[in-house]
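Trainee: To be precise about what I am sending: the file is called final.txt and holds compact mmCIF, C-alpha atoms.
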# COMPACT_ATOMS: atom_id res chain seq x y z
CA MET A 273 79.14 29.98 66.05
CA LEU A 274 76.65 32.15 64.16
CA LYS A 275 77.42 32.02 60.43
CA THR A 276 75.01 34.60 59.03
CA ARG A 277 76.28 38.03 59.96
CA VAL A 278 73.92 40.79 61.06
CA ILE A 279 75.48 44.19 60.53
CA PRO A 280 74.32 47.68 61.53
CA VAL A 281 74.99 50.32 58.86
CA LEU A 282 75.60 53.90 59.95
CA LEU A 283 75.42 56.77 57.48
CA MET A 284 77.65 59.72 58.17
CA LYS A 285 77.81 63.30 56.93
CA ASN A 286 79.38 66.41 58.43
CA GLY A 287 80.49 64.36 61.42
CA GLY A 288 76.95 63.30 62.37
CA LEU A 289 74.87 60.20 61.73
CA TYR A 290 71.82 60.38 59.47
CA LYS A 291 69.16 58.05 58.10
CA GLY A 292 66.99 58.63 55.05
CA ILE A 293 64.53 56.98 52.71
CA ASN A 294 65.50 55.95 49.14
CA PHE A 295 68.90 57.64 49.66
CA LYS A 296 67.12 60.99 50.27
CA ASN A 297 65.65 63.15 53.06
CA HIS A 298 68.30 62.29 55.60
CA LYS A 299 67.41 63.01 59.22
CA TYR A 300 69.90 63.39 62.04
CA VAL A 301 69.95 60.37 64.33
CA GLY A 302 72.94 61.00 66.56
CA ASP A 303 76.61 61.35 67.26
CA PRO A 304 78.84 58.61 65.80
CA ILE A 305 81.05 58.12 68.87
CA ASN A 306 78.07 57.75 71.21
CA THR A 307 76.34 55.39 68.81
CA VAL A 308 79.44 53.20 68.47
CA LYS A 309 79.68 53.07 72.27
CA ILE A 310 76.06 51.84 72.45
CA PHE A 311 76.78 49.18 69.82
CA ASN A 312 79.76 48.08 71.95
CA ASP A 313 77.41 47.36 74.82
CA LYS A 314 75.11 45.45 72.48
CA GLU A 315 78.00 43.18 71.44
CA VAL A 316 77.75 43.77 67.72
CA ASP A 317 80.14 41.57 65.71
CA GLU A 318 80.83 44.14 62.99
CA LEU A 319 79.82 47.60 61.90
CA VAL A 320 79.58 49.38 58.54
CA ILE A 321 80.06 53.14 58.35
CA LEU A 322 79.36 54.98 55.10
CA ASP A 323 80.05 58.64 54.42
CA ILE A 324 77.17 59.56 52.10
CA GLU A 325 78.58 62.91 51.01
CA ALA A 326 82.27 62.27 50.48
CA SER A 327 82.03 61.08 46.86
CA LYS A 328 78.98 63.08 45.86
CA LEU A 329 80.43 66.41 47.03
CA ASN A 330 84.04 65.41 46.38
CA LYS A 331 84.94 65.89 50.06
CA SER A 332 88.02 64.43 51.66
CA ILE A 333 87.73 61.51 54.07
CA ASN A 334 87.20 62.51 57.70
CA PHE A 335 90.25 60.60 58.98
CA GLU A 336 90.29 62.25 62.37
CA LEU A 337 86.74 61.22 63.19
CA LEU A 338 87.31 57.71 61.84
CA GLU A 339 90.38 57.32 64.03
CA ASN A 340 88.28 58.29 67.06
CA ILE A 341 85.52 55.90 66.02
CA ALA A 342 87.98 53.03 65.54
CA SER A 343 89.46 53.73 68.98
CA GLU A 344 86.02 53.50 70.57
CA ALA A 345 84.88 50.42 68.65
CA PHE A 346 85.39 47.05 70.29
CA MET A 347 84.42 45.35 67.03
CA PRO A 348 85.77 45.38 63.47
CA ILE A 349 84.69 48.29 61.26
CA ALA A 350 84.22 48.55 57.51
CA TYR A 351 84.25 52.07 56.06
CA GLY A 352 83.13 53.46 52.72
CA GLY A 353 82.97 56.96 51.27
CA GLY A 354 85.42 59.02 49.24
CA ILE A 355 88.16 56.37 48.98
CA LYS A 356 90.01 57.22 45.78
CA THR A 357 93.57 56.03 46.16
CA LEU A 358 95.75 53.31 47.63
CA LYS A 359 97.02 55.91 50.06
CA ASP A 360 93.49 56.59 51.36
CA ALA A 361 93.03 52.89 52.04
CA GLN A 362 96.45 52.54 53.63
CA LYS A 363 95.70 55.42 55.98
CA LEU A 364 92.31 53.93 56.93
CA PHE A 365 93.90 50.56 57.77
CA SER A 366 96.56 52.23 59.90
CA LEU A 367 93.84 54.09 61.84
CA GLY A 368 92.24 50.79 62.78
CA ILE A 369 89.60 50.36 60.06
CA GLU A 370 89.44 46.68 59.05
CA LYS A 371 87.80 46.86 55.62
CA VAL A 372 87.32 49.48 52.91
CA ILE A 373 84.06 49.69 50.98
CA LEU A 374 84.12 51.01 47.43
CA ASN A 375 81.39 52.16 45.10
CA THR A 376 82.03 55.24 42.94
CA SER A 377 85.81 54.88 42.61
CA ALA A 378 85.55 51.14 41.87
CA ILE A 379 83.07 51.72 39.06
CA ASP A 380 85.24 54.49 37.58
CA ASP A 381 88.58 52.77 38.08
CA PHE A 382 88.84 48.97 37.93
CA ASP A 383 92.59 49.28 38.26
CA LEU A 384 92.24 50.77 41.74
CA VAL A 385 90.23 47.74 42.85
CA LYS A 386 92.87 45.40 41.50
CA LYS A 387 95.69 47.31 43.19
CA LEU A 388 93.84 47.42 46.52
CA VAL A 389 93.28 43.67 46.39
CA GLU A 390 96.94 43.07 45.51
CA SER A 391 98.20 45.30 48.31
CA TYR A 392 95.80 44.49 51.13
CA GLY A 393 94.12 41.22 50.20
CA SER A 394 90.60 40.35 49.10
CA GLN A 395 89.32 40.14 52.67
CA SER A 396 89.89 43.89 53.18
CA VAL A 397 88.11 45.11 50.05
CA VAL A 398 84.32 45.26 49.76
CA PHE A 399 82.24 46.48 46.84
CA CYS A 400 78.92 48.16 47.53
CA LEU A 401 76.49 47.72 44.64
CA ASP A 402 73.82 50.44 44.83
CA ILE A 403 70.82 49.28 42.82
CA LYS A 404 67.66 51.07 41.68
CA LYS A 405 64.73 49.76 39.68
CA SER A 406 63.88 51.93 36.68
CA PHE A 407 60.36 53.05 35.84
CA PHE A 408 60.10 49.98 33.61
CA GLY A 409 61.21 47.62 36.38
CA LYS A 410 64.75 47.13 35.12
CA TYR A 411 67.52 46.95 37.74
CA GLU A 412 70.30 49.52 37.29
CA ALA A 413 73.53 50.17 39.17
CA TYR A 414 74.38 53.61 40.57
CA SER A 415 77.38 55.53 41.89
CA PHE A 416 77.89 58.89 43.64
CA SER A 417 75.42 57.99 46.43
CA GLY A 418 72.70 56.94 44.03
CA THR A 419 72.90 59.99 41.76
CA LYS A 420 74.76 58.66 38.71
CA LYS A 421 73.69 55.67 36.66
CA ALA A 422 76.44 53.20 35.80
CA LYS A 423 76.94 51.86 32.28
CA MET A 424 77.11 48.22 33.34
CA LEU A 425 74.17 46.21 34.60
CA PRO A 426 74.22 45.22 38.29
CA ILE A 427 74.99 41.56 37.61
CA GLU A 428 77.77 42.44 35.14
CA LEU A 429 79.28 44.81 37.66
CA ALA A 430 79.03 42.26 40.47
CA LYS A 431 80.79 39.62 38.39
CA LYS A 432 83.45 42.11 37.31
CA MET A 433 84.19 43.03 40.94
CA GLU A 434 84.46 39.38 41.89
CA GLU A 435 86.86 38.86 39.01
CA LEU A 436 88.95 41.84 40.20
CA GLY A 437 89.24 40.12 43.56
CA VAL A 438 86.97 41.92 46.02
CA GLY A 439 86.28 39.79 49.08
CA GLU A 440 82.61 40.53 49.50
CA LEU A 441 79.72 42.36 47.93
CA ILE A 442 77.02 44.50 49.53
CA ILE A 443 73.78 44.69 47.54
CA ASN A 444 72.23 47.98 48.55
CA SER A 445 68.69 48.61 47.30
CA ILE A 446 67.90 52.30 46.80
CA ASN A 447 64.17 51.56 46.34
CA ASN A 448 63.93 49.70 49.63
CA ASP A 449 66.29 51.95 51.64
CA GLY A 450 64.59 53.18 54.82
CA VAL A 451 61.23 51.68 53.85
CA MET A 452 61.48 48.83 56.38
CA LYS A 453 59.15 46.51 54.44
CA GLY A 454 61.70 43.83 53.64
CA TYR A 455 64.70 43.28 51.34
CA ASP A 456 64.45 43.04 47.55
CA LEU A 457 64.66 39.24 47.49
CA ASN A 458 64.62 38.82 43.71
CA ILE A 459 67.81 40.73 43.07
CA ILE A 460 69.51 39.01 46.03
CA LYS A 461 68.74 35.63 44.52
CA GLU A 462 69.78 36.66 41.03
CA ILE A 463 73.16 37.98 42.13
CA ALA A 464 74.00 35.64 45.02
CA THR A 465 73.50 32.50 42.94
CA GLN A 466 75.95 33.75 40.30
CA LEU A 467 78.79 34.70 42.67
CA THR A 468 81.10 32.69 44.91
CA ILE A 469 82.07 35.55 47.26
CA PRO A 470 79.84 36.33 50.28
CA VAL A 471 76.91 38.63 49.60
CA ILE A 472 75.59 41.04 52.21
CA VAL A 473 72.19 42.57 51.67
CA CYS A 474 71.13 46.04 52.68
CA GLY A 475 68.00 48.13 52.26
CA GLY A 476 64.56 47.41 53.60
CA ALA A 477 64.95 45.30 56.74
CA GLY A 478 62.17 46.05 59.21
CA VAL A 479 61.76 42.90 61.28
CA LEU A 480 63.97 39.91 62.21
CA GLU A 481 62.04 37.68 59.84
CA ASP A 482 63.47 39.72 56.92
CA PHE A 483 66.97 38.44 57.81
CA LYS A 484 65.76 34.87 57.70
CA LYS A 485 64.21 35.37 54.26
CA ALA A 486 67.37 37.02 52.94
CA LYS A 487 69.41 34.02 54.10
CA GLU A 488 67.01 31.67 52.31
CA TYR A 489 67.52 33.70 49.14
CA GLY A 490 71.31 33.37 49.36
CA ALA A 491 72.57 36.21 51.58
CA HIS A 492 75.58 35.53 53.82
CA GLY A 493 75.09 38.68 55.81
CA CYS A 494 72.19 41.00 56.55
CA ALA A 495 72.75 44.70 57.02
CA ALA A 496 70.23 47.21 58.33
CA GLY A 497 70.06 50.89 59.19
CA SER A 498 66.58 52.08 60.21
CA MET A 499 65.77 48.88 62.06
CA PHE A 500 68.69 49.40 64.45
CA VAL A 501 68.33 53.16 64.94
CA TYR A 502 64.55 53.69 65.02
CA ASN A 503 61.86 52.40 67.32
CA GLY A 504 58.06 52.29 66.80
CA ILE A 505 55.83 53.72 64.08
CA HIS A 506 56.83 57.30 64.90
CA LYS A 507 60.48 56.40 64.35
CA ALA A 508 61.88 57.62 67.63
CA VAL A 509 65.67 57.31 67.64
CA LEU A 510 66.62 54.32 69.77
CA ILE A 511 69.70 52.20 69.12
CA SER A 512 68.94 48.49 69.32
CA TYR A 513 70.44 45.17 68.23
CA PRO A 514 69.11 41.62 68.67
CA LYS A 515 70.71 39.30 71.20
CA TYR A 516 73.14 36.70 69.86
CA GLU A 517 71.02 33.82 71.17
CA LYS A 518 68.00 35.26 69.39
CA LEU A 519 69.88 35.40 66.08
CA CYS A 520 71.11 31.80 66.52
CA GLU A 521 67.52 30.77 67.06
CA LEU A 522 66.30 32.81 64.08
CA PHE A 523 68.82 31.32 61.63
CA LYS A 524 68.75 27.92 63.33
CA GLU A 525 72.52 28.13 63.63
CA ASN A 526 74.70 26.99 66.53
CA MET B 104 100.90 51.24 85.68
CA ILE B 105 99.78 49.05 82.78
CA ILE B 106 101.82 50.02 79.74
CA VAL B 107 100.62 49.56 76.17
CA ILE B 108 103.86 49.55 74.19
CA ASP B 109 103.80 51.96 71.27
CA TYR B 110 106.38 50.94 68.69
CA GLY B 111 104.65 52.38 65.63
CA MET B 112 102.59 49.34 64.68
CA GLY B 113 98.93 50.39 64.39
CA ASN B 114 96.19 52.22 66.28
CA LEU B 115 96.30 51.32 69.97
CA GLY B 116 93.29 53.43 70.95
CA SER B 117 90.80 50.58 71.26
CA ILE B 118 93.10 48.60 73.58
CA ALA B 119 93.54 51.61 75.86
CA ASN B 120 89.80 52.32 75.81
CA MET B 121 88.98 48.74 76.67
CA ILE B 122 91.28 48.85 79.70
CA LYS B 123 89.64 52.12 80.76
CA LYS B 124 86.20 50.57 80.30
CA ILE B 125 86.98 47.75 82.76
CA GLY B 126 88.02 50.34 85.32
CA HIS B 127 91.82 50.39 85.10
CA LYS B 128 94.36 52.95 84.03
CA CYS B 129 96.96 52.48 81.33
CA LEU B 130 99.44 54.46 79.33
CA ILE B 131 100.25 54.16 75.62
CA THR B 132 103.92 55.00 75.37
CA SER B 133 107.29 54.39 73.78
CA ASP B 134 109.10 56.01 76.73
CA LEU B 135 111.73 53.59 78.02
CA GLU B 136 111.61 54.94 81.57
CA GLU B 137 107.86 54.31 81.75
CA ILE B 138 108.30 50.80 80.35
CA LYS B 139 110.93 50.11 83.06
CA LYS B 140 108.38 51.01 85.76
CA ALA B 141 105.49 49.00 84.25
CA THR B 142 103.57 46.57 86.44
CA LYS B 143 102.03 44.96 83.37
CA LEU B 144 102.88 45.16 79.70
CA ILE B 145 100.83 44.84 76.56
CA LEU B 146 102.62 44.30 73.25
CA PRO B 147 100.08 44.82 70.45
CA GLY B 148 100.84 45.17 66.77
CA VAL B 149 99.59 44.93 63.23
CA GLY B 150 102.10 44.67 60.40
CA SER B 151 105.02 42.58 59.27
CA PHE B 152 107.37 40.61 61.53
CA ASP B 153 110.65 42.25 60.49
CA ASN B 154 109.15 45.74 60.71
CA GLY B 155 107.95 44.96 64.22
CA MET B 156 111.36 43.67 65.35
CA LYS B 157 113.15 46.54 63.65
CA ASN B 158 110.91 49.10 65.35
CA LEU B 159 111.50 47.49 68.77
CA GLN B 160 115.26 47.50 68.17
CA GLU B 161 115.43 51.07 66.86
CA ARG B 162 113.56 52.33 69.92
CA GLY B 163 115.96 50.48 72.25
CA MET B 164 113.13 48.38 73.65
CA VAL B 165 114.44 44.83 73.21
CA GLU B 166 116.96 44.92 76.06
CA ILE B 167 114.54 46.58 78.47
CA LEU B 168 111.76 44.16 77.59
CA ASN B 169 114.09 41.18 78.08
CA GLN B 170 114.95 42.50 81.55
CA LYS B 171 111.29 43.14 82.44
CA VAL B 172 109.90 39.90 81.08
CA LEU B 173 112.67 37.35 81.68
CA VAL B 174 114.30 38.68 84.86
CA GLU B 175 111.64 40.70 86.68
CA LYS B 176 108.86 38.38 85.42
CA THR B 177 106.49 41.26 84.68
CA PRO B 178 103.29 39.86 83.12
CA ILE B 179 103.09 40.61 79.41
CA LEU B 180 100.30 40.09 76.89
CA GLY B 181 101.23 39.92 73.21
CA ILE B 182 98.45 40.54 70.72
CA CYS B 183 98.52 39.35 67.08
CA LEU B 184 101.95 40.41 65.73
CA GLY B 185 102.92 41.03 69.37
CA MET B 186 102.39 37.32 70.05
CA GLN B 187 104.35 36.30 66.97
CA LEU B 188 107.29 38.52 67.96
CA MET B 189 107.56 36.49 71.21
CA THR B 190 108.50 33.40 69.17
CA LYS B 191 111.95 32.50 67.86
CA SER B 192 111.40 33.36 64.21
CA SER B 193 108.86 33.85 61.46
CA GLU B 194 108.59 32.61 57.89
CA GLU B 195 107.46 36.17 57.14
CA GLY B 196 110.89 37.65 57.81
CA SER B 197 114.57 37.02 58.37
CA LEU B 198 115.11 38.72 61.73
CA SER B 199 115.22 36.77 64.98
CA GLY B 200 112.19 37.10 67.23
CA LEU B 201 112.28 37.91 70.96
CA ARG B 202 112.66 34.13 71.59
CA TRP B 203 110.73 34.14 74.88
CA VAL B 204 108.64 31.14 73.90
CA ASP B 205 109.87 27.97 72.21
CA ALA B 206 107.80 28.41 69.08
CA GLN B 207 107.96 29.45 65.43
CA THR B 208 105.67 31.60 63.35
CA LYS B 209 104.67 29.87 60.12
CA ARG B 210 102.77 30.79 57.00
CA PHE B 211 99.27 29.46 56.41
CA VAL B 212 99.22 27.30 53.29
CA SER B 213 95.99 26.39 51.56
CA ASP B 214 94.69 25.93 48.03
CA THR B 215 91.07 26.27 49.00
CA LEU B 216 90.70 28.53 52.01
CA LYS B 217 91.42 32.22 51.89
CA ILE B 218 94.49 33.77 53.48
CA PRO B 219 94.57 35.85 55.63
CA HIS B 220 92.31 34.16 58.11
CA MET B 221 89.97 37.07 58.79
CA GLY B 222 86.79 37.08 60.82
CA TRP B 223 85.33 35.60 63.99
CA ASN B 224 86.33 32.14 65.12
CA ILE B 225 86.13 30.00 68.24
CA ILE B 226 88.88 28.73 70.55
CA LYS B 227 89.46 25.26 72.03
CA HIS B 228 91.07 25.14 75.46
CA GLN B 229 94.14 22.97 75.91
CA LYS B 230 94.80 23.82 79.56
CA ASN B 231 93.34 25.84 82.41
CA SER B 232 94.34 29.45 82.81
CA GLN B 233 93.50 32.54 84.80
CA LEU B 234 93.00 34.24 81.43
CA PHE B 235 89.61 32.59 80.92
CA ASP B 236 86.78 32.53 83.47
CA GLU B 237 85.32 29.24 82.40
CA ILE B 238 86.41 26.83 79.76
CA GLU B 239 83.11 25.18 78.85
CA ARG B 240 81.27 28.05 77.20
CA GLU B 241 81.87 28.87 73.55
CA LYS B 242 83.91 32.01 73.15
CA ARG B 243 84.47 33.77 69.87
CA PHE B 244 87.22 36.18 68.91
CA TYR B 245 88.10 38.32 65.91
CA PHE B 246 91.16 37.23 63.89
CA VAL B 247 93.17 38.85 61.08
CA HIS B 248 96.45 37.09 60.22
CA SER B 249 98.36 35.34 57.44
CA TYR B 250 100.91 33.66 59.73
CA CYS B 251 100.30 31.50 62.77
CA VAL B 252 102.26 30.25 65.76
CA SER B 253 103.41 26.68 66.21
CA CYS B 254 104.64 25.78 69.72
CA ASN B 255 107.37 23.18 70.29
CA GLN B 256 106.34 22.65 73.92
CA GLU B 257 102.80 21.39 74.17
CA ALA B 258 102.59 22.63 77.76
CA ASP B 259 102.76 26.24 76.52
CA ILE B 260 99.61 25.93 74.38
CA LEU B 261 96.59 27.57 75.95
CA THR B 262 94.05 27.38 73.12
CA ASN B 263 93.86 26.09 69.57
CA THR B 264 91.72 27.38 66.74
CA ASN B 265 90.91 25.67 63.49
CA TYR B 266 91.45 27.38 60.15
CA ILE B 267 93.05 25.29 57.40
CA GLN B 268 94.67 23.42 60.31
CA ASP B 269 94.67 23.63 64.09
CA PHE B 270 96.96 26.47 65.10
CA VAL B 271 97.92 28.00 68.44
CA SER B 272 95.48 30.86 69.05
CA SER B 273 96.97 31.59 72.49
CA PHE B 274 99.92 30.47 74.61
CA GLU B 275 100.92 30.97 78.22
CA LYS B 276 104.33 30.36 79.71
CA GLU B 277 104.68 31.67 83.26
CA ASN B 278 104.29 35.46 82.98
CA ILE B 279 104.22 35.44 79.17
CA VAL B 280 100.87 35.34 77.39
CA GLY B 281 100.23 35.68 73.68
CA VAL B 282 96.96 35.76 71.75
CA GLN B 283 96.67 35.60 67.96
CA PHE B 284 93.21 37.18 67.90
CA HIS B 285 92.29 40.79 68.71
CA PRO B 286 90.65 41.02 72.15
CA GLU B 287 90.20 44.77 71.61
CA LYS B 288 87.91 43.98 68.64
CA SER B 289 86.10 41.04 70.27
CA HIS B 290 83.70 42.98 72.52
CA LYS B 291 82.59 41.10 75.65
CA PHE B 292 84.87 38.11 75.05
CA GLY B 293 87.88 40.35 74.57
CA MET B 294 86.94 42.55 77.48
CA ASN B 295 86.77 39.53 79.79
CA LEU B 296 90.16 38.38 78.63
CA ILE B 297 91.77 41.80 79.13
CA LYS B 298 90.12 42.06 82.56
CA ASN B 299 91.45 38.66 83.57
CA PHE B 300 94.94 39.53 82.37
CA VAL B 301 94.91 42.83 84.25
CA GLU B 302 93.42 41.41 87.46
CA ASN B 303 94.72 37.83 87.68
CA PHE B 304 98.30 38.06 86.44
Can the structure from this file be put into structure tokens for me?
Mentor:
Amino acid sequence: MLKTRVIPVLLMKNGGLYKGINFKNHKYVGDPINTVKIFNDKEVDELVILDIEASKLNKSINFELLENIASEAFMPIAYGGGIKTLKDAQKLFSLGIEKVILNTSAIDDFDLVKKLVESYGSQSVVFCLDIKKSFFGKYEAYSFSGTKKAKMLPIELAKKMEELGVGELIINSINNDGVMKGYDLNIIKEIATQLTIPVIVCGGAGVLEDFKKAKEYGAHGCAAGSMFVYNGIHKAVLISYPKYEKLCELFKEN
Amino acid sequence: MIIVIDYGMGNLGSIANMIKKIGHKCLITSDLEEIKKATKLILPGVGSFDNGMKNLQERGMVEILNQKVLVEKTPILGICLGMQLMTKSSEEGSLSGLRWVDAQTKRFVSDTLKIPHMGWNIIKHQKNSQLFDEIEREKRFYFVHSYCVSCNQEADILTNTNYIQDFVSSFEKENIVGVQFHPEKSHKFGMNLIKNFVENF
């Protein structure tokens, strides 16, 4: 069985799917239900859905849409965006969402992370570490969809989340987001080697070879947005996903 | 009609949509009259053992299901908690199970591996069944569970899966089938299984 996971990431706002560059200039790429149906046909093993406005604009979670998405998805789904309470998480699980992804609320409230882990288990709680390089080349962690700098350094925050019991960590590079020129391998290596929980990398994947490199630098899973929703240099919207056999061959697994 | 039994344990939308996708009709319901008329039954479920049994009892479903499954021999597929409820008991709770299969539901115990067992895993066939097209090819399914089934009759075991130990990932006893994994979240592998249950049983 394939061990390295390859995960499409869909960004949602106002009930539609969008894709941007460096967490900005988001362009409409399609309807979530239709897109999930296409990923069903492509036999995707898991899907990440992030609401990029919920925390930033303090909007409530779009439970109704998520329930419809979960009903259409023939694969497990992880959701992030605007999760503030145990009750939010409980409702998401009952609608058929398998994992919750935290960023803003986890950084602001360590206790919430702890309680979520206690109530639903480590395997259901994921922390998304949004990282941006400063003008001087220093890595910094962000919340509120990349708009607010966190006090702790990325590695400190990653270790703290592991200590609080989260089951996996997504390293999401704001600098590389949507650029499609490869992952930030240095930060992957720095963080992955200091954690025991699985690390998923996101931001920058453009070709299959990028997944292979990320694995060599310590990633357990590779996530991508643009690569799975765009096609060609003019970025025409076309949903795609590599065949299982191709991924086995790429990672030399199975 | 294929009936997906709604007893208040989780979102059943993806199961119903999968059945629709393979070209069959089904109904998600808790209506006892509809359950009585069912040609096939699906007992899904996510949650705790006692809650599941309590919900079946409170809705007056246990007696009707016993009649359908044990007397009329209507094919039934239990999924995840639904499978566990078909056993005699569970270490998760104190209530008796449906007792259709000579098996117990036990807790995973491990110092090193994480519980629940969550993620994709493969199955190993122990006997032939109409539920699977071919037994040679590797098939993977999505699992989420902290308890697992242990069968007392080896002949009932359909597949095993390894996590911490070998456990029963599916059983089949006449018209009664149970799977620990989630076919509705296991895309083509799950769809094949559901299709085979609907068309071959």
Trainee: I'd like the neighbourhood of A:Ile469 as a ChimeraX atom specification, where a residue qualifies if any of its atoms comes within 8 Å (using all atoms listed in the file), though same-chain residues fewer than 3 positions away should be ignored.
Mentor: /A:434,439-441
Trainee: Kindly provide, as a list in words, the residues of chain A having any atom no farther than 6 Å from an atom of chain B, counting all atoms listed in the file.
Mentor: Glu315, Ser343, Glu344, Phe346, Met347, Pro348, Ser366, Leu367 and Gly368 of chain A
Trainee: Which one is closest to B:Met104: B:Lys276, B:His127, B:Lys157, B:Arg240? Count all atoms listed in the file.
Mentor: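 Closest to B:Met104 of all the choices is B:His127.
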Trainee: So what do you get for atom CA of B:Val252 versus atom CA of B:Gln268, distance-wise?
Mentor: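 Computing it gives 11.6 Å between the two atoms.
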Trainee: Which residue gives the smallest distance to B:Phe304 among B:His228, B:Lys191, B:Lys143, B:Lys123, with all atoms listed in the file counted?
Mentor: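 Answer, going by the shortest atom-to-atom distance: B:Lys143.
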Trainee: From the options A:Ile379, A:Ala486, A:Ala496, A:Ile505, which residue's atoms come nearest to A:Thr276, counting all atoms listed in the file?
Mentor: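 The answer is A:Ala486, which sits nearest to A:Thr276.
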Trainee: Do you know which residues are at most 12 Å from A:Gly437 counting all atoms listed in the file, after dropping those on the same chain fewer than 4 positions away, and could you put them as a PyMOL selection string?
Mentor: (chain A and resi 378+382-399+430-433+441+467-469) or (chain B and resi 217)
Trainee: Could you check which of A:Tyr455, A:Phe523, A:Lys487, A:Leu425 is closest to A:Pro470, using only C-alpha atoms?
Mentor: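 Nearest candidate to A:Pro470 out of A:Tyr455, A:Phe523, A:Lys487, A:Leu425: A:Lys487.
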